Amino acid sequence: MHPTLADDLARLPELLQSARDFAARELAGVDERPVVHTGKAPDHDPLPADGTGAEGALARFAERWAPGFSGSAGPRYLGFVTGGATPASVTGDWLTSAYDQNVSGAAGSWATALERETVGWLSELFGLGEAHSGAFVTGATVSNTVGLAVAREWLGERLGVDVSRDGAVALGPVDVLSGSPHSSITKALSVLGIGRDRLRQVPVLAGNREAVDVARLDAALAGLGGRPAIVVANAGTVNTVDFDDLRAIAALKERHDFWLHVDAAFGGFAALSPAYAHLVDGLDAADSVCVDLHKWLNVPYDAAVQFTRRRDLQTRVFHNSSPYLGLPTGDPDFLHLTPENSRRLRALPAWFSLLAYGRAGHREIVERNVALAHRLGEGIAALPALRLSAPVRLNVVCFTLSENPTQERVAALAEAVAASGEAFLTPTVYDGTPALRAAFSNWRTSGADTDRVLAMLASLPL
Ligand SMILES: *Cc1c(COP(=O)(O)O)cnc(C)c1O
C-alpha cells in the first residue's frame with residue numbers, strides 16, 4: 001500500500017472526526033453565509049504527483065473551494081425547487097459512503113431489502129397501492145425518463161411490436177399530450193427516441209391556471225382516431241404549483257387508450273397534509289409516477305423514486321442479462337429496473353429521515369413551507385414595486401415587477417437579490433411575462449427567514 005494511503009488508513013477515525021468538525025462548522029454557519037457566490041472560481045491546480053493525504057486535502061478544500069460554495073443547504077436558498085438535507089438524512093448519507101454497497105442486486109447484502117422497505121414507505125406516504133412497485137433513481141428527470149420508457153414499451157404492446165428489440169422506430173410517430181410539462185419531459189422524449197417535437201401541449205384552464213383543460217385533453221385524444229398515446233399529467237407545476245385533475249384525467253381511460261404518467265416531482269408531497277392531499281387525489285390511478293426526494297423530502301442530492309404498475313414492461317426495457325448478473329426473476333434485482341447497473345444506496349438517507357421524523361415530521365416541513373410561501377406572497381403583494389404573477393397555491397411564490405417587467409429588468413432584480421447575499425431566487429417566464437420564483441422546500445426555513453427575504457426585497461431600489 002502507498003505509504004500516504006497506509007497512513008490515512010491508520011488515522012481513519014481522526015480523519016472522520018476532522019470531516020465531522022468541518023461539516024458541523026459549515027452547517028452551523030449556513031444561516032449567515034452569503035446564500036450564493038457570484039465571484040470567479042479559482043484557476044485549476046495541476047494534478048498532484050504526490051498526494052497530501054486526506055487531512056491535507058481537507059485543508060486545501062477548506063482554503064480554495066469551500067468559500068465559494070453556495071448556501072443551498074440553508075434556509076434562504078429559494079431558487080429552483082431545492083430541498084436541504086435533514087440531520088438524519090445526512091447521517092444516512094455518510095453511512096452510505098462508509099458502507100459503499102452496490103445495490104444492483106440482492107446478492108450478499110441486505111442493502112437491497114432496505115431499499116425495498118424504503119420504497120414501500122414512500123409508496124404509502126404518497127397513497128399508492130400494492131399495484132405500484134418502485135425503485136430509487138438519481139432525480140426526477142431520470143424518474144420521468146423511466147416512466148416514459150415503460151410507457152413506450154406499453155405502446156409497443158398495444159401496437160403489437162417489441163420496442164425493446166426493434167427500437168422506437170417500430171412504433172412510428174408517438175403522441176404525447178400534456179398541459180404544462182416540465183422541461184425534463186421533452187428531454188426524456190429525446191433520450192427515448194420518441195422525439196422532443198412529439199410533445200403536444202394541450203391548452204390549460206382559463207383564469208391564470210397551469211392545469212390542463214381536461215375537456216380539451218379529451219378532444220385531443222378523440223382526435224387520435226383510436227391510436228394509443230401517452231398522457232403526462234402534472235402534479236405541481238414549477239411556476240405556480242398548479243395540479244392537473246388526476247381523477248378526471250384517469251377517467252378518460254374509459255373512452256381512450258393511453259398510458260398515464262404523473263410528474264409529481266415535488267407536488268406529490270401534498271399527499272402528506274390533509275389540507276392539501278386532495279390536490280393529488282387520483283395519483284394511484286397513474287400507470288407511472290415520478291417523485292423527487294432531494295426536493296421536498298430534504299435528503300441530499302441525488303435521489304428520486306419512480307413507480308409503475310407494469311414492472312414486467314419495465315424489466316423488458318431495462319433488463320441486463322448476462323451469465324454473471326443472472327436473468328431477471330419474479331422479483332427482479334434493481335439493475336433490471338433502472339438505467340444504472342451499479343447503484344449507490346440512495347435509499348439509506350431517505351430511510352433515516354423517514355424513520356427519524358416519520359409522517360408527522362415530514363408533514364410539518366411541508367405545511368410550514370406552504371405557510372411561509374403564503375407569508376412571503378402577502379408581503380410581496382403589499383409592496384408597490386412588485387406584484388404576484390399568480391396566486392400562491394402551495395410552496396412557490398411567482399412574482400414580477402409592477403412596472404415594465406422586461407427580461408432585462410427582471411434579470412437585474414434576480415442579480416440584485418443574489419448580490420445581497422440574503423436569498424437566491426431564480427427567473428422564469430410565466431404567461432409570457434418574465435418573473436421570479438421563490439420556492440419553499442427547505443426544512444430549515446423559518447418565519448424569520450421569510451421576513452428577512454421580504455425586508456431585502458423591500459430595501460432594493462426598484
Ligand atoms: C425538479 C423537477 C424535475 C426535474 O428534477 P431533477 O431532480 O432536477 O431531475 C421534473 N419535474 C418537475 C415538476 C420538477 O419540479
# chains A, B, ... in the order shown; residues from 1 in each chain; ligands from 1
$ residues_near_ligand --ligand "ligand 1" --cutoff "8 Å" --atoms "only C-alpha atoms and all ligand atoms" --output "ChimeraX atom specification"
/A:80-81,138-144,181-185,234-238,263-267,290,292-295,302-304
$ select_by_dssp --residues "range 55-204 of chain A" --states "strand (DSSP E)" --output "PyMOL selection string"
chain A and resi 133-137+176-178+199-201
$ closest_residue --among "A:Pro328, A:Asp244, A:His132, A:Ala448" --to "Val280 in chain A" --atoms "only C-alpha atoms"
A:Asp244
$ atom_distance --atom1 "CA of Ala233 in chain A" --atom2 "CA of Pro391 in chain A"
21.0 Å
$ atom_distance --atom1 "CA of Glu364 in chain A" --atom2 "CA of Asp451 in chain A"
19.5 Å
$ closest_residue --among "A:Asp175, A:Asp218, A:Asp287, A:Asp213" --to "Leu252 in chain A" --atoms "only C-alpha atoms"
A:Asp218
$ closest_residue --among "A:Arg20, A:Phe307, A:Val35, A:Phe269" --to "Ala131 in chain A" --atoms "only C-alpha atoms"
A:Phe307
$ residues_around --residues "Val392 in chain A" --least-positions-apart "5" --cutoff "8 Å" --atoms "only C-alpha atoms" --output "MDAnalysis selection string"
chainID A and resid 240 373:374 377 397:398
$ write_last_selection --atoms "N, CA, C and O atoms" --output "CSV table (one decimal), in the first residue's frame"
chain,number,residue,atom,x,y,z
A,240,THR,N,-46.2,27.9,-10.7
A,240,THR,CA,-47.3,28.3,-9.8
A,240,THR,C,-47.9,27.1,-9.0
A,240,THR,O,-48.9,27.3,-8.3
A,373,ALA,N,-44.6,30.4,2.3
A,373,ALA,CA,-44.8,30.9,0.9
A,373,ALA,C,-46.0,31.9,0.9
A,373,ALA,O,-45.9,32.9,0.3
A,374,HIS,N,-47.1,31.5,1.6
A,374,HIS,CA,-48.2,32.5,1.7
A,374,HIS,C,-47.8,33.8,2.4
A,374,HIS,O,-48.2,34.9,1.9
A,377,GLY,N,-45.8,35.7,0.0
A,377,GLY,CA,-46.7,36.2,-1.1
A,377,GLY,C,-47.5,37.4,-0.6
A,377,GLY,O,-47.6,38.4,-1.4
A,397,VAL,N,-43.8,31.1,-4.7
A,397,VAL,CA,-44.3,32.5,-5.0
A,397,VAL,C,-43.7,33.0,-6.3
A,397,VAL,O,-42.5,33.1,-6.5
A,398,CYS,N,-44.6,33.2,-7.2
A,398,CYS,CA,-44.1,33.7,-8.6
A,398,CYS,C,-44.6,35.1,-8.7
A,398,CYS,O,-45.7,35.5,-8.5
$ closest_residue --among "A:Ala57, A:Val137, A:Leu78, A:Leu9" --to "Leu335 in chain A" --atoms "only C-alpha atoms"
A:Val137
$ closest_residue --among "A:Gly179, A:Pro228, A:Gly29, A:Pro274" --to "Asp245 in chain A" --atoms "only C-alpha atoms"
A:Gly179
$ closest_residue --among "A:Ala168, A:Val36, A:Ala412, A:Val103" --to "Tyr77 in chain A" --atoms "only C-alpha atoms"
A:Val36
$ residues_around --residues "Arg216 in chain A" --least-positions-apart "4" --cutoff "10 Å" --atoms "only C-alpha atoms" --output "PyMOL selection string"
chain A and resi 179+202-205+212+220-222
$ atom_distance --atom1 "CA of Ala419 in chain A" --atom2 "CA of Asp43 in chain A"
22.3 Å
